[in-house]
file query05.cif (mmCIF, C-alpha atoms)
data_entry
#
loop_
_atom_site.group_PDB
_atom_site.id
_atom_site.type_symbol
_atom_site.label_atom_id
_atom_site.label_comp_id
_atom_site.auth_asym_id
_atom_site.auth_seq_id
_atom_site.Cartn_x
_atom_site.Cartn_y
_atom_site.Cartn_z
ATOM 1 C CA MET A 1 35.712 32.289 38.415
ATOM 2 C CA THR A 2 34.074 35.559 39.525
ATOM 3 C CA ALA A 3 31.968 38.214 37.819
ATOM 4 C CA THR A 4 34.739 40.807 37.795
ATOM 5 C CA GLY A 5 35.785 42.163 34.427
ATOM 6 C CA PHE A 6 33.151 40.503 32.307
ATOM 7 C CA MET A 7 31.493 43.700 31.184
ATOM 8 C CA GLU A 8 34.704 44.647 29.407
ATOM 9 C CA ALA A 9 34.146 41.746 27.022
ATOM 10 C CA THR A 10 33.082 43.834 24.078
ATOM 11 C CA VAL A 11 34.350 43.571 20.543
ATOM 12 C CA THR A 12 36.600 46.019 18.784
ATOM 13 C CA SER A 13 36.054 46.462 15.057
ATOM 14 C CA PRO A 14 37.712 43.854 12.821
ATOM 15 C CA ALA A 15 39.487 46.657 10.999
ATOM 16 C CA ALA A 16 41.182 47.819 14.178
ATOM 17 C CA GLU A 17 42.127 44.328 15.248
ATOM 18 C CA GLY A 18 42.424 41.150 13.201
ATOM 19 C CA GLU A 19 39.243 39.070 13.252
ATOM 20 C CA GLY A 20 41.104 36.090 14.618
ATOM 21 C CA ALA A 21 42.695 38.127 17.386
ATOM 22 C CA ALA A 22 39.374 39.798 18.237
ATOM 23 C CA PHE A 23 37.658 36.443 18.500
ATOM 24 C CA ALA A 24 40.494 34.953 20.565
ATOM 25 C CA ARG A 25 40.245 37.878 22.968
ATOM 26 C CA PHE A 26 36.466 37.559 23.164
ATOM 27 C CA PHE A 27 36.815 33.824 23.829
ATOM 28 C CA GLU A 28 39.371 34.404 26.567
ATOM 29 C CA GLN A 29 37.184 37.017 28.262
ATOM 30 C CA THR A 30 33.902 35.137 28.096
ATOM 31 C CA ARG A 31 34.669 31.412 28.211
ATOM 32 C CA ARG A 32 34.455 30.978 31.993
ATOM 33 C CA LYS A 33 31.160 32.819 32.183
ATOM 34 C CA ALA A 34 29.779 30.987 29.176
ATOM 35 C CA TYR A 35 30.669 27.635 30.694
ATOM 36 C CA GLY A 36 29.227 28.759 34.043
ATOM 37 C CA PHE A 37 25.955 29.715 32.357
ATOM 38 C CA ALA A 38 25.722 26.356 30.585
ATOM 39 C CA LEU A 39 26.542 24.563 33.830
ATOM 40 C CA HIS A 40 23.820 26.490 35.699
ATOM 41 C CA LEU A 41 21.344 25.446 33.042
ATOM 42 C CA VAL A 42 22.157 21.752 32.558
ATOM 43 C CA GLY A 43 23.987 20.890 35.797
ATOM 44 C CA ASP A 44 26.406 18.467 34.174
ATOM 45 C CA ARG A 45 30.040 19.349 33.501
ATOM 46 C CA GLU A 46 30.480 17.309 30.340
ATOM 47 C CA GLU A 47 27.213 18.443 28.814
ATOM 48 C CA ALA A 48 27.924 22.052 29.796
ATOM 49 C CA MET A 49 31.279 21.814 28.022
ATOM 50 C CA ASP A 50 29.640 20.316 24.913
ATOM 51 C CA ILE A 51 27.115 23.157 24.814
ATOM 52 C CA THR A 52 29.820 25.785 25.348
ATOM 53 C CA GLN A 53 31.876 24.320 22.497
ATOM 54 C CA GLU A 54 28.928 24.235 20.141
ATOM 55 C CA ALA A 55 27.986 27.834 20.963
ATOM 56 C CA TYR A 56 31.513 29.147 20.352
ATOM 57 C CA LEU A 57 31.870 27.185 17.115
ATOM 58 C CA ARG A 58 28.604 28.662 15.855
ATOM 59 C CA LEU A 59 29.658 32.151 16.883
ATOM 60 C CA HIS A 60 33.042 31.658 15.233
ATOM 61 C CA ARG A 61 31.401 30.679 11.951
ATOM 62 C CA SER A 62 29.496 33.965 11.781
ATOM 63 C CA TRP A 63 32.135 36.115 13.427
ATOM 64 C CA ARG A 64 32.840 38.163 10.290
ATOM 65 C CA GLU A 65 29.620 40.095 10.772
ATOM 66 C CA PRO A 66 29.217 41.013 14.446
ATOM 67 C CA ALA A 67 25.932 42.864 14.904
ATOM 68 C CA GLY A 68 27.513 45.590 17.029
ATOM 69 C CA GLU A 69 29.504 46.320 20.121
ATOM 70 C CA GLY A 70 28.519 44.061 22.996
ATOM 71 C CA GLU A 71 26.125 42.065 20.789
ATOM 72 C CA PRO A 72 28.229 38.882 20.629
ATOM 73 C CA VAL A 73 27.848 38.466 24.409
ATOM 74 C CA ALA A 74 24.053 38.435 24.164
ATOM 75 C CA TRP A 75 24.248 36.254 21.058
ATOM 76 C CA LEU A 76 26.518 33.765 22.821
ATOM 77 C CA TYR A 77 24.199 33.545 25.836
ATOM 78 C CA THR A 78 21.149 33.156 23.619
ATOM 79 C CA VAL A 79 22.738 30.239 21.759
ATOM 80 C CA ILE A 80 23.869 28.578 24.998
ATOM 81 C CA ARG A 81 20.398 28.926 26.461
ATOM 82 C CA ASN A 82 18.682 27.532 23.353
ATOM 83 C CA LEU A 83 21.106 24.609 23.175
ATOM 84 C CA ALA A 84 20.578 23.901 26.875
ATOM 85 C CA ILE A 85 16.783 24.004 26.514
ATOM 86 C CA ASP A 86 16.948 21.566 23.558
ATOM 87 C CA HIS A 87 19.261 19.373 25.528
ATOM 88 C CA LEU A 88 17.042 19.319 28.626
ATOM 89 C CA ARG A 89 13.958 18.712 26.516
ATOM 90 C CA ARG A 90 15.598 15.679 24.928
ATOM 91 C CA ARG A 91 16.494 14.351 28.364
ATOM 92 C CA ARG A 92 13.062 15.278 29.770
ATOM 93 C CA ARG A 93 14.539 17.332 32.537
ATOM 94 C CA ARG A 94 13.514 20.692 33.939
ATOM 95 C CA PRO A 95 15.998 23.583 33.610
ATOM 96 C CA GLU A 96 15.931 24.193 37.368
ATOM 97 C CA ASP A 97 17.316 20.716 38.055
ATOM 98 C CA GLY A 98 20.697 21.915 36.876
ATOM 99 C CA LEU A 99 21.267 24.187 39.829
ATOM 100 C CA ASP A 100 21.297 21.325 42.332
ATOM 101 C CA HIS A 101 24.529 20.084 40.831
ATOM 102 C CA VAL A 102 26.414 23.346 40.995
ATOM 103 C CA HIS A 103 28.948 23.441 43.788
ATOM 104 C CA LEU A 104 29.970 26.740 45.234
ATOM 105 C CA ARG A 105 33.630 27.323 45.896
ATOM 106 C CA CYS A 106 34.800 29.289 48.918
ATOM 107 C CA PRO A 107 35.474 32.902 47.921
ATOM 108 C CA SER A 108 39.088 33.889 48.336
ATOM 109 C CA ALA A 109 39.480 35.921 51.541
ATOM 110 C CA GLY A 110 41.987 36.388 54.303
ATOM 111 C CA PRO A 111 42.231 33.596 56.896
ATOM 112 C CA HIS A 112 40.492 35.803 59.460
ATOM 113 C CA ALA A 113 37.353 36.334 57.431
ATOM 114 C CA ALA A 114 37.372 33.062 55.509
ATOM 115 C CA ALA A 115 34.840 31.156 57.634
ATOM 116 C CA GLU A 116 32.447 34.093 57.820
ATOM 117 C CA GLN A 117 32.728 34.745 54.085
ATOM 118 C CA LYS A 118 32.137 31.101 53.300
ATOM 119 C CA GLU A 119 29.035 31.027 55.461
ATOM 120 C CA LEU A 120 27.714 34.226 53.893
ATOM 121 C CA ALA A 121 28.335 32.932 50.359
ATOM 122 C CA ALA A 122 26.604 29.646 51.160
ATOM 123 C CA ARG A 123 23.558 31.445 52.600
ATOM 124 C CA LEU A 124 23.401 33.755 49.617
ATOM 125 C CA TRP A 125 23.587 30.863 47.170
ATOM 126 C CA GLU A 126 20.854 29.086 49.108
ATOM 127 C CA ALA A 127 18.644 32.175 48.868
ATOM 128 C CA ILE A 128 19.307 32.490 45.133
ATOM 129 C CA ALA A 129 18.666 28.784 44.581
ATOM 130 C CA ASN A 130 15.289 29.140 46.333
ATOM 131 C CA LEU A 131 14.071 31.731 43.843
ATOM 132 C CA PRO A 132 11.622 30.768 41.088
ATOM 133 C CA PRO A 133 13.693 29.757 38.012
ATOM 134 C CA GLU A 134 12.642 32.762 35.917
ATOM 135 C CA GLN A 135 13.738 35.190 38.649
ATOM 136 C CA ARG A 136 16.929 33.313 39.492
ATOM 137 C CA GLU A 137 18.038 33.276 35.870
ATOM 138 C CA ILE A 138 17.655 37.037 35.554
ATOM 139 C CA LEU A 139 19.393 37.718 38.871
ATOM 140 C CA LEU A 140 22.413 35.618 37.869
ATOM 141 C CA LEU A 141 22.555 37.064 34.363
ATOM 142 C CA ARG A 142 22.610 40.565 35.821
ATOM 143 C CA ASP A 143 24.695 40.266 38.970
ATOM 144 C CA TRP A 144 27.016 37.377 38.253
ATOM 145 C CA HIS A 145 27.326 37.360 34.477
ATOM 146 C CA GLY A 146 27.228 41.159 34.273
ATOM 147 C CA LEU A 147 24.741 41.530 31.405
ATOM 148 C CA ASP A 148 22.761 44.764 31.202
ATOM 149 C CA TYR A 149 18.948 44.876 30.958
ATOM 150 C CA ALA A 150 18.931 45.124 27.153
ATOM 151 C CA GLN A 151 21.196 42.093 26.814
ATOM 152 C CA ILE A 152 19.131 40.069 29.308
ATOM 153 C CA ALA A 153 15.955 41.014 27.442
ATOM 154 C CA GLN A 154 17.549 39.812 24.194
ATOM 155 C CA VAL A 155 18.804 36.530 25.681
ATOM 156 C CA LEU A 156 15.482 35.659 27.325
ATOM 157 C CA GLY A 157 13.170 37.185 24.716
ATOM 158 C CA LEU A 158 11.509 39.482 27.252
ATOM 159 C CA SER A 159 10.752 43.181 27.409
ATOM 160 C CA MET A 160 13.077 45.365 29.448
ATOM 161 C CA GLY A 161 10.161 46.188 31.744
ATOM 162 C CA THR A 162 9.699 42.506 32.552
ATOM 163 C CA VAL A 163 13.419 42.100 33.171
ATOM 164 C CA SER A 164 13.399 45.065 35.541
ATOM 165 C CA SER A 165 10.298 43.869 37.374
ATOM 166 C CA ARG A 166 11.517 40.275 37.816
ATOM 167 C CA LEU A 167 14.888 41.484 38.979
ATOM 168 C CA HIS A 168 13.263 43.750 41.551
ATOM 169 C CA HIS A 169 11.184 40.881 42.954
ATOM 170 C CA ALA A 170 14.154 38.487 42.922
ATOM 171 C CA ARG A 171 16.351 40.923 44.817
ATOM 172 C CA GLU A 172 13.643 41.690 47.371
ATOM 173 C CA LYS A 173 13.211 37.971 48.083
ATOM 174 C CA VAL A 174 16.934 37.432 48.473
ATOM 175 C CA ARG A 175 17.235 40.526 50.667
ATOM 176 C CA GLU A 176 14.424 39.282 52.863
ATOM 177 C CA GLN A 177 16.192 35.959 53.387
ATOM 178 C CA MET A 178 19.583 37.553 53.904
ATOM 179 C CA ARG A 179 18.651 40.451 56.192
ATOM 180 C CA ARG A 180 19.947 38.889 59.381
ATOM 181 C CA PHE A 181 23.336 38.269 57.739
ATOM 182 C CA LEU A 182 23.683 41.768 56.369
ATOM 183 C CA GLY A 183 23.660 43.689 59.647
ATOM 184 C CA MET B 1 -6.050 53.898 45.586
ATOM 185 C CA THR B 2 -2.781 55.690 44.859
ATOM 186 C CA ARG B 3 0.458 54.191 46.062
ATOM 187 C CA GLN B 4 2.695 55.946 48.526
ATOM 188 C CA PRO B 5 5.810 57.585 47.009
ATOM 189 C CA HIS B 6 7.748 55.405 49.416
ATOM 190 C CA GLU B 7 6.483 52.186 47.732
ATOM 191 C CA GLU B 8 7.054 53.566 44.254
ATOM 192 C CA ILE B 9 10.649 54.398 45.110
ATOM 193 C CA ARG B 10 11.182 50.908 46.531
ATOM 194 C CA GLU B 11 10.269 49.418 43.178
ATOM 195 C CA LEU B 12 12.801 51.627 41.438
ATOM 196 C CA LEU B 13 15.703 50.862 43.781
ATOM 197 C CA SER B 14 16.817 47.769 41.899
ATOM 198 C CA ALA B 15 16.997 49.566 38.541
ATOM 199 C CA TYR B 16 18.603 52.565 40.293
ATOM 200 C CA LEU B 17 21.338 50.264 41.537
ATOM 201 C CA ASP B 18 21.950 49.090 37.958
ATOM 202 C CA ARG B 19 21.808 52.639 36.557
ATOM 203 C CA GLU B 20 18.964 51.607 34.277
ATOM 204 C CA LEU B 21 16.555 54.437 35.138
ATOM 205 C CA THR B 22 15.784 57.548 33.135
ATOM 206 C CA GLN B 23 17.446 60.739 34.289
ATOM 207 C CA ALA B 24 14.198 62.008 35.839
ATOM 208 C CA GLU B 25 13.550 58.750 37.707
ATOM 209 C CA GLU B 26 17.124 58.630 38.919
ATOM 210 C CA GLN B 27 16.851 62.133 40.305
ATOM 211 C CA ARG B 28 13.603 61.281 42.055
ATOM 212 C CA VAL B 29 15.151 58.270 43.737
ATOM 213 C CA ARG B 30 18.294 60.173 44.725
ATOM 214 C CA ILE B 31 16.279 62.952 46.369
ATOM 215 C CA HIS B 32 14.100 60.426 48.189
ATOM 216 C CA LEU B 33 17.119 58.513 49.471
ATOM 217 C CA GLU B 34 18.571 61.662 50.971
ATOM 218 C CA ASP B 35 15.516 61.998 53.236
ATOM 219 C CA CYS B 36 14.393 58.413 53.827
ATOM 220 C CA GLU B 37 16.596 56.349 56.083
ATOM 221 C CA GLU B 38 14.574 53.152 55.584
ATOM 222 C CA CYS B 39 14.887 53.252 51.787
ATOM 223 C CA ARG B 40 18.549 54.190 52.083
ATOM 224 C CA ARG B 41 19.134 51.112 54.221
ATOM 225 C CA ALA B 42 17.237 48.943 51.725
ATOM 226 C CA PHE B 43 19.356 50.347 48.907
ATOM 227 C CA GLU B 44 22.597 49.702 50.808
ATOM 228 C CA GLU B 45 21.505 46.120 51.441
ATOM 229 C CA LEU B 46 20.745 45.608 47.741
ATOM 230 C CA ALA B 47 24.142 47.012 46.832
ATOM 231 C CA ARG B 48 25.853 44.726 49.344
ATOM 232 C CA LEU B 49 23.997 41.693 47.978
ATOM 233 C CA GLN B 50 24.973 42.582 44.436
ATOM 234 C CA GLU B 51 28.602 42.857 45.505
ATOM 235 C CA LEU B 52 28.367 39.491 47.273
ATOM 236 C CA THR B 53 26.746 37.816 44.269
ATOM 237 C CA ARG B 54 29.530 39.128 42.034
ATOM 238 C CA SER B 55 32.113 37.601 44.344
ATOM 239 C CA LEU B 56 30.568 34.119 44.271
ATOM 240 C CA GLU B 57 32.938 31.624 42.750
ATOM 241 C CA PHE B 58 31.819 28.629 40.766
ATOM 242 C CA GLU B 59 33.623 25.791 39.107
ATOM 243 C CA GLU B 60 36.218 26.624 36.519
ATOM 244 C CA PRO B 61 35.731 25.077 33.083
ATOM 245 C CA PRO B 62 38.014 22.118 32.294
ATOM 246 C CA GLU B 63 41.157 23.890 31.082
ATOM 247 C CA ALA B 64 42.345 21.103 28.773
ATOM 248 C CA LYS B 65 39.042 21.079 26.880
ATOM 249 C CA MET B 66 39.017 24.869 26.646
ATOM 250 C CA LYS B 67 42.510 24.818 25.127
ATOM 251 C CA GLU B 68 41.357 22.144 22.684
ATOM 252 C CA LEU B 69 38.415 24.324 21.703
ATOM 253 C CA GLU B 70 40.649 27.376 21.288
ATOM 254 C CA LYS B 71 42.943 25.434 18.953
ATOM 255 C CA SER B 72 39.971 24.338 16.865
ATOM 256 C CA PHE B 73 39.199 27.963 15.937
ATOM 257 C CA VAL B 74 42.678 28.302 14.392
ATOM 258 C CA VAL B 75 42.289 25.287 12.118
ATOM 259 C CA GLN B 76 38.633 25.841 11.292
ATOM 260 C CA ALA B 77 39.040 28.562 8.623
ATOM 261 C CA PRO B 78 41.852 26.919 6.551
ATOM 262 C CA ARG B 79 40.096 23.557 6.840
ATOM 263 C CA ARG B 80 36.845 24.978 5.483
ATOM 264 C CA LEU B 81 38.789 26.669 2.660
ATOM 265 C CA GLY B 82 40.621 23.401 1.959
ATOM 266 C CA TRP B 83 37.362 21.487 1.588
ATOM 267 C CA LEU B 84 35.988 24.226 -0.650
ATOM 268 C CA PHE B 85 38.980 23.938 -2.970
ATOM 269 C CA ILE B 86 38.802 20.119 -3.052
ATOM 270 C CA VAL B 87 35.078 20.070 -3.870
ATOM 271 C CA ALA B 88 35.343 22.883 -6.442
ATOM 272 C CA GLY B 89 38.382 21.218 -8.072
ATOM 273 C CA LEU B 90 36.664 17.820 -8.265
ATOM 274 C CA VAL B 91 33.486 19.280 -9.770
ATOM 275 C CA ALA B 92 35.493 21.286 -12.355
ATOM 276 C CA TRP B 93 37.626 18.269 -13.209
ATOM 277 C CA ILE B 94 34.602 15.985 -13.702
ATOM 278 C CA LEU B 95 32.837 18.588 -15.865
ATOM 279 C CA TYR B 96 35.944 19.179 -17.970
ATOM 280 C CA GLY B 97 36.440 15.425 -18.408
ATOM 281 C CA ALA B 98 32.808 14.917 -19.413
ATOM 282 C CA VAL B 99 32.875 17.732 -21.987
ATOM 283 C CA THR B 100 36.182 16.538 -23.471
ATOM 284 C CA TRP B 101 34.924 12.951 -23.645
ATOM 285 C CA ILE B 102 31.724 13.991 -25.451
ATOM 286 C CA ARG B 103 33.509 16.292 -27.919
ATOM 287 C CA HIS B 104 36.366 13.943 -28.809
ATOM 288 C CA TRP B 105 34.832 10.567 -28.287
ATOM 289 C CA ARG B 106 37.003 7.599 -29.148
ATOM 290 C CA PRO B 107 37.515 4.183 -27.538
ATOM 291 C CA PRO B 108 39.726 4.625 -24.416
ATOM 292 C CA THR B 109 43.252 3.228 -24.434
ATOM 293 C CA VAL B 110 44.335 0.536 -21.943
ATOM 294 C CA GLU B 111 46.406 3.134 -19.999
ATOM 295 C CA GLU B 112 43.373 5.410 -19.729
ATOM 296 C CA LEU B 113 41.182 2.556 -18.536
ATOM 297 C CA ILE B 114 43.712 1.596 -15.832
ATOM 298 C CA ALA B 115 44.091 5.234 -14.707
ATOM 299 C CA SER B 116 40.283 5.636 -14.628
ATOM 300 C CA ALA B 117 39.899 2.470 -12.552
ATOM 301 C CA VAL B 118 42.408 3.779 -9.969
ATOM 302 C CA VAL B 119 40.727 7.199 -9.790
ATOM 303 C CA ILE B 120 37.211 5.713 -9.549
ATOM 304 C CA GLY B 121 38.455 3.367 -6.830
ATOM 305 C CA PHE B 122 39.815 6.298 -4.809
ATOM 306 C CA LEU B 123 36.602 8.269 -5.253
ATOM 307 C CA MET B 124 34.517 5.297 -4.084
ATOM 308 C CA LEU B 125 36.699 4.876 -1.002
ATOM 309 C CA LEU B 126 36.339 8.586 -0.230
ATOM 310 C CA LEU B 127 32.576 8.347 -0.684
ATOM 311 C CA SER B 128 32.341 5.330 1.663
ATOM 312 C CA VAL B 129 34.304 7.251 4.369
ATOM 313 C CA VAL B 130 31.977 10.247 3.991
ATOM 314 C CA ILE B 131 28.858 8.041 4.208
ATOM 315 C CA GLU B 132 30.200 6.219 7.276
ATOM 316 C CA ARG B 133 31.062 9.531 8.951
ATOM 317 C CA LEU B 134 27.610 10.950 8.239
ATOM 318 C CA ARG B 135 25.987 7.866 9.755
ATOM 319 C CA GLN B 136 28.131 8.072 12.906
ATOM 320 C CA LEU B 137 27.726 11.820 13.339
ATOM 321 C CA PRO B 138 24.488 11.882 15.392
ATOM 322 C CA HIS B 139 26.010 9.484 17.944
ATOM 323 C CA ASP B 140 29.480 11.018 18.105
ATOM 324 C CA LYS B 141 29.790 13.000 21.362
ATOM 325 C CA TYR B 142 33.116 14.503 20.248
ATOM 326 C CA ARG B 143 31.831 15.724 16.891
ATOM 327 C CA ARG B 144 32.084 19.365 17.913
ATOM 328 C CA ILE B 145 35.772 19.151 18.659
ATOM 329 C CA GLU B 146 37.925 19.901 15.663
ATOM 330 C CA LYS B 147 41.004 17.740 15.890
#
call {"tool": "encode", "arguments": {"input": "query05.cif", "output": "structure tokens"}}
result
Amino acid sequence: MTATGFMEATVTSPAAEGEGAAFARFFEQTRRKAYGFALHLVGDREEAMDITQEAYLRLHRSWREPAGEGEPVAWLYTVIRNLAIDHLRRRRRRPEDGLDHVHLRCPSAGPHAAAEQKELAARLWEAIANLPPEQREILLLRDWHGLDYAQIAQVLGLSMGTVSSRLHHAREKVREQMRRFLG
Amino acid sequence: MTRQPHEEIRELLSAYLDRELTQAEEQRVRIHLEDCEECRRAFEELARLQELTRSLEFEEPPEAKMKELEKSFVVQAPRRLGWLFIVAGLVAWILYGAVTWIRHWRPPTVEELIASAVVIGFLMLLLSVVIERLRQLPHDKYRRIEK
């Protein structure tokens, strides 16, 4: 599951495409990312799947009136995040605990570069995991999930200026930790 | 104390990478990058990190459960409509029966009493299933999956 192609997950108008078909396409394009987001937040596969299911079922119930192009993505992420927060609150766990349980898979690369790529990916994930939760969340939403600043602001209930500022600081911290691997 | 243009540009690099700057800001950064090797290198590193982050691979969702969820969307709409019809039909039938009974009251025949007993029995069974389901619902971890 990689970030490629996620930004294309927008919704065509129901008139142009049947509502059912539009939703099925949206589901197909977003489900891996949605599950990944839930897993990052709660750190448990079964619970992440439960949250993903609930979020899609809620979105499906109100699918007849999408707020606009691209909006369902932000809406889906907002619901997943709220469900995850409720879930963690009930279990008295901190959101950042979830990340410890996420296992990184080796990126697909040729046999020659595989070891180097794996090492680089592991270092990068370590640097991202070391970020403060509020910065890490924004960095992943932008660079891995592919949301734009307006969508991130909507999901997290922040201003776009705050999103931009936190992202800048997050990237600078990661860059600082990764400099010796980037040469 | 005013900040150096160099520092100001550094703070804009991240948003420049995401194409989230205004046209004027974007132009300012572009011009600065043409002349400043240090900022250019910082920008290239940010771009490389973004590319690397995009290529990170995490666990795939359980495919069987995703398929199950996908199927549930197909049955959800007709099922909701089905329940709507059942509830509306029952309410209309009860109202019609009540009005007819009031307007043409007479002692019920034995056949009517037997038929009523069967219908009331079915309704009570249905009600008990609904009550049991509602009680179990908060503890049912599979409640979100439409079967």
call {"tool": "resolve_selection", "arguments": {"input": "query05.cif", "expression": "the PyMOL selection byres ((chain A and resi 167) around 12)", "output": "ChimeraX atom specification"}}
result
/A:128,131-143,148-149,152-153,160-166,168-175 /B:11-18,20,46,50
call {"tool": "resolve_selection", "arguments": {"input": "query05.cif", "expression": "the PyMOL selection byres ((chain B) within 10 of (chain A))", "output": "VMD selection string"}}
result
chain B and resid 10 to 15 18 to 21 42 44 to 46 48 to 63 65 to 66 68 to 74 76 to 77 141 to 146
call {"tool": "write_last_selection", "arguments": {"input": "query05.cif", "atoms": "C-alpha atoms", "output": "PDB file, in the coordinates of the input"}}
result
ATOM      1  CA  ARG B  10      11.182  50.908  46.531  1.00  0.00           C
ATOM      2  CA  GLU B  11      10.269  49.418  43.178  1.00  0.00           C
ATOM      3  CA  LEU B  12      12.801  51.627  41.438  1.00  0.00           C
ATOM      4  CA  LEU B  13      15.703  50.862  43.781  1.00  0.00           C
ATOM      5  CA  SER B  14      16.817  47.769  41.899  1.00  0.00           C
ATOM      6  CA  ALA B  15      16.997  49.566  38.541  1.00  0.00           C
ATOM      7  CA  ASP B  18      21.950  49.090  37.958  1.00  0.00           C
ATOM      8  CA  ARG B  19      21.808  52.639  36.557  1.00  0.00           C
ATOM      9  CA  GLU B  20      18.964  51.607  34.277  1.00  0.00           C
ATOM     10  CA  LEU B  21      16.555  54.437  35.138  1.00  0.00           C
ATOM     11  CA  ALA B  42      17.237  48.943  51.725  1.00  0.00           C
ATOM     12  CA  GLU B  44      22.597  49.702  50.808  1.00  0.00           C
ATOM     13  CA  GLU B  45      21.505  46.120  51.441  1.00  0.00           C
ATOM     14  CA  LEU B  46      20.745  45.608  47.741  1.00  0.00           C
ATOM     15  CA  ARG B  48      25.853  44.726  49.344  1.00  0.00           C
ATOM     16  CA  LEU B  49      23.997  41.693  47.978  1.00  0.00           C
ATOM     17  CA  GLN B  50      24.973  42.582  44.436  1.00  0.00           C
ATOM     18  CA  GLU B  51      28.602  42.857  45.505  1.00  0.00           C
ATOM     19  CA  LEU B  52      28.367  39.491  47.273  1.00  0.00           C
ATOM     20  CA  THR B  53      26.746  37.816  44.269  1.00  0.00           C
ATOM     21  CA  ARG B  54      29.530  39.128  42.034  1.00  0.00           C
ATOM     22  CA  SER B  55      32.113  37.601  44.344  1.00  0.00           C
ATOM     23  CA  LEU B  56      30.568  34.119  44.271  1.00  0.00           C
ATOM     24  CA  GLU B  57      32.938  31.624  42.750  1.00  0.00           C
ATOM     25  CA  PHE B  58      31.819  28.629  40.766  1.00  0.00           C
ATOM     26  CA  GLU B  59      33.623  25.791  39.107  1.00  0.00           C
ATOM     27  CA  GLU B  60      36.218  26.624  36.519  1.00  0.00           C
ATOM     28  CA  PRO B  61      35.731  25.077  33.083  1.00  0.00           C
ATOM     29  CA  PRO B  62      38.014  22.118  32.294  1.00  0.00           C
ATOM     30  CA  GLU B  63      41.157  23.890  31.082  1.00  0.00           C
ATOM     31  CA  LYS B  65      39.042  21.079  26.880  1.00  0.00           C
ATOM     32  CA  MET B  66      39.017  24.869  26.646  1.00  0.00           C
ATOM     33  CA  GLU B  68      41.357  22.144  22.684  1.00  0.00           C
ATOM     34  CA  LEU B  69      38.415  24.324  21.703  1.00  0.00           C
ATOM     35  CA  GLU B  70      40.649  27.376  21.288  1.00  0.00           C
ATOM     36  CA  LYS B  71      42.943  25.434  18.953  1.00  0.00           C
ATOM     37  CA  SER B  72      39.971  24.338  16.865  1.00  0.00           C
ATOM     38  CA  PHE B  73      39.199  27.963  15.937  1.00  0.00           C
ATOM     39  CA  VAL B  74      42.678  28.302  14.392  1.00  0.00           C
ATOM     40  CA  GLN B  76      38.633  25.841  11.292  1.00  0.00           C
ATOM     41  CA  ALA B  77      39.040  28.562   8.623  1.00  0.00           C
ATOM     42  CA  LYS B 141      29.790  13.000  21.362  1.00  0.00           C
ATOM     43  CA  TYR B 142      33.116  14.503  20.248  1.00  0.00           C
ATOM     44  CA  ARG B 143      31.831  15.724  16.891  1.00  0.00           C
ATOM     45  CA  ARG B 144      32.084  19.365  17.913  1.00  0.00           C
ATOM     46  CA  ILE B 145      35.772  19.151  18.659  1.00  0.00           C
ATOM     47  CA  GLU B 146      37.925  19.901  15.663  1.00  0.00           C
TER      48      GLU B 146
END
call {"tool": "atom_distance", "arguments": {"input": "query05.cif", "atom1": "atom CA of Val110 of chain B", "atom2": "atom CA of Ser128 of chain B"}}
result
26.9 Å
call {"tool": "resolve_selection", "arguments": {"input": "query05.cif", "expression": "the PyMOL selection byres ((chain B and resi 27-29) around 10)", "output": "mmCIF file with C-alpha atoms, in the coordinates of the input"}}
result
data_model
loop_
_atom_site.group_PDB
_atom_site.id
_atom_site.type_symbol
_atom_site.label_atom_id
_atom_site.label_comp_id
_atom_site.auth_asym_id
_atom_site.auth_seq_id
_atom_site.Cartn_x
_atom_site.Cartn_y
_atom_site.Cartn_z
ATOM 1 C CA PRO B 5 5.810 57.585 47.009
ATOM 2 C CA HIS B 6 7.748 55.405 49.416
ATOM 3 C CA GLU B 8 7.054 53.566 44.254
ATOM 4 C CA ILE B 9 10.649 54.398 45.110
ATOM 5 C CA ARG B 10 11.182 50.908 46.531
ATOM 6 C CA LEU B 12 12.801 51.627 41.438
ATOM 7 C CA LEU B 13 15.703 50.862 43.781
ATOM 8 C CA TYR B 16 18.603 52.565 40.293
ATOM 9 C CA LEU B 21 16.555 54.437 35.138
ATOM 10 C CA THR B 22 15.784 57.548 33.135
ATOM 11 C CA GLN B 23 17.446 60.739 34.289
ATOM 12 C CA ALA B 24 14.198 62.008 35.839
ATOM 13 C CA GLU B 25 13.550 58.750 37.707
ATOM 14 C CA GLU B 26 17.124 58.630 38.919
ATOM 15 C CA ARG B 30 18.294 60.173 44.725
ATOM 16 C CA ILE B 31 16.279 62.952 46.369
ATOM 17 C CA HIS B 32 14.100 60.426 48.189
ATOM 18 C CA LEU B 33 17.119 58.513 49.471
ATOM 19 C CA GLU B 34 18.571 61.662 50.971
ATOM 20 C CA CYS B 39 14.887 53.252 51.787
ATOM 21 C CA ARG B 40 18.549 54.190 52.083
#
call {"tool": "closest_residue", "arguments": {"input": "query05.cif", "among": "A:Phe181, A:Leu76, A:Gln154, A:Val42", "to": "Glu116 of chain A", "atoms": "all atoms listed in the file"}}
result
A:Phe181
call {"tool": "atom_distance", "arguments": {"input": "query05.cif", "atom1": "atom CA of Gln177 of chain A", "atom2": "atom CA of Leu158 of chain A"}}
result
26.8 Å
call {"tool": "atom_distance", "arguments": {"input": "query05.cif", "atom1": "atom CA of Thr30 of chain A", "atom2": "atom CA of Asn130 of chain A"}}
result
26.7 Å
call {"tool": "decode", "arguments": {"input": "query05.cif", "residues": "segment 90-98 of chain B", "atoms": "C-alpha atoms", "output": "mmCIF file, in the first residue's frame"}}
result
data_model
loop_
_atom_site.group_PDB
_atom_site.id
_atom_site.type_symbol
_atom_site.label_atom_id
_atom_site.label_comp_id
_atom_site.auth_asym_id
_atom_site.auth_seq_id
_atom_site.Cartn_x
_atom_site.Cartn_y
_atom_site.Cartn_z
ATOM 1 C CA LEU B 90 -47.802 -2.756 9.833
ATOM 2 C CA VAL B 91 -48.708 0.721 11.093
ATOM 3 C CA ALA B 92 -51.272 1.200 8.277
ATOM 4 C CA TRP B 93 -52.741 -2.245 8.873
ATOM 5 C CA ILE B 94 -53.111 -1.688 12.635
ATOM 6 C CA LEU B 95 -54.709 1.736 12.091
ATOM 7 C CA TYR B 96 -57.108 0.380 9.476
ATOM 8 C CA GLY B 97 -58.045 -2.531 11.753
ATOM 9 C CA ALA B 98 -58.634 -0.215 14.711
#
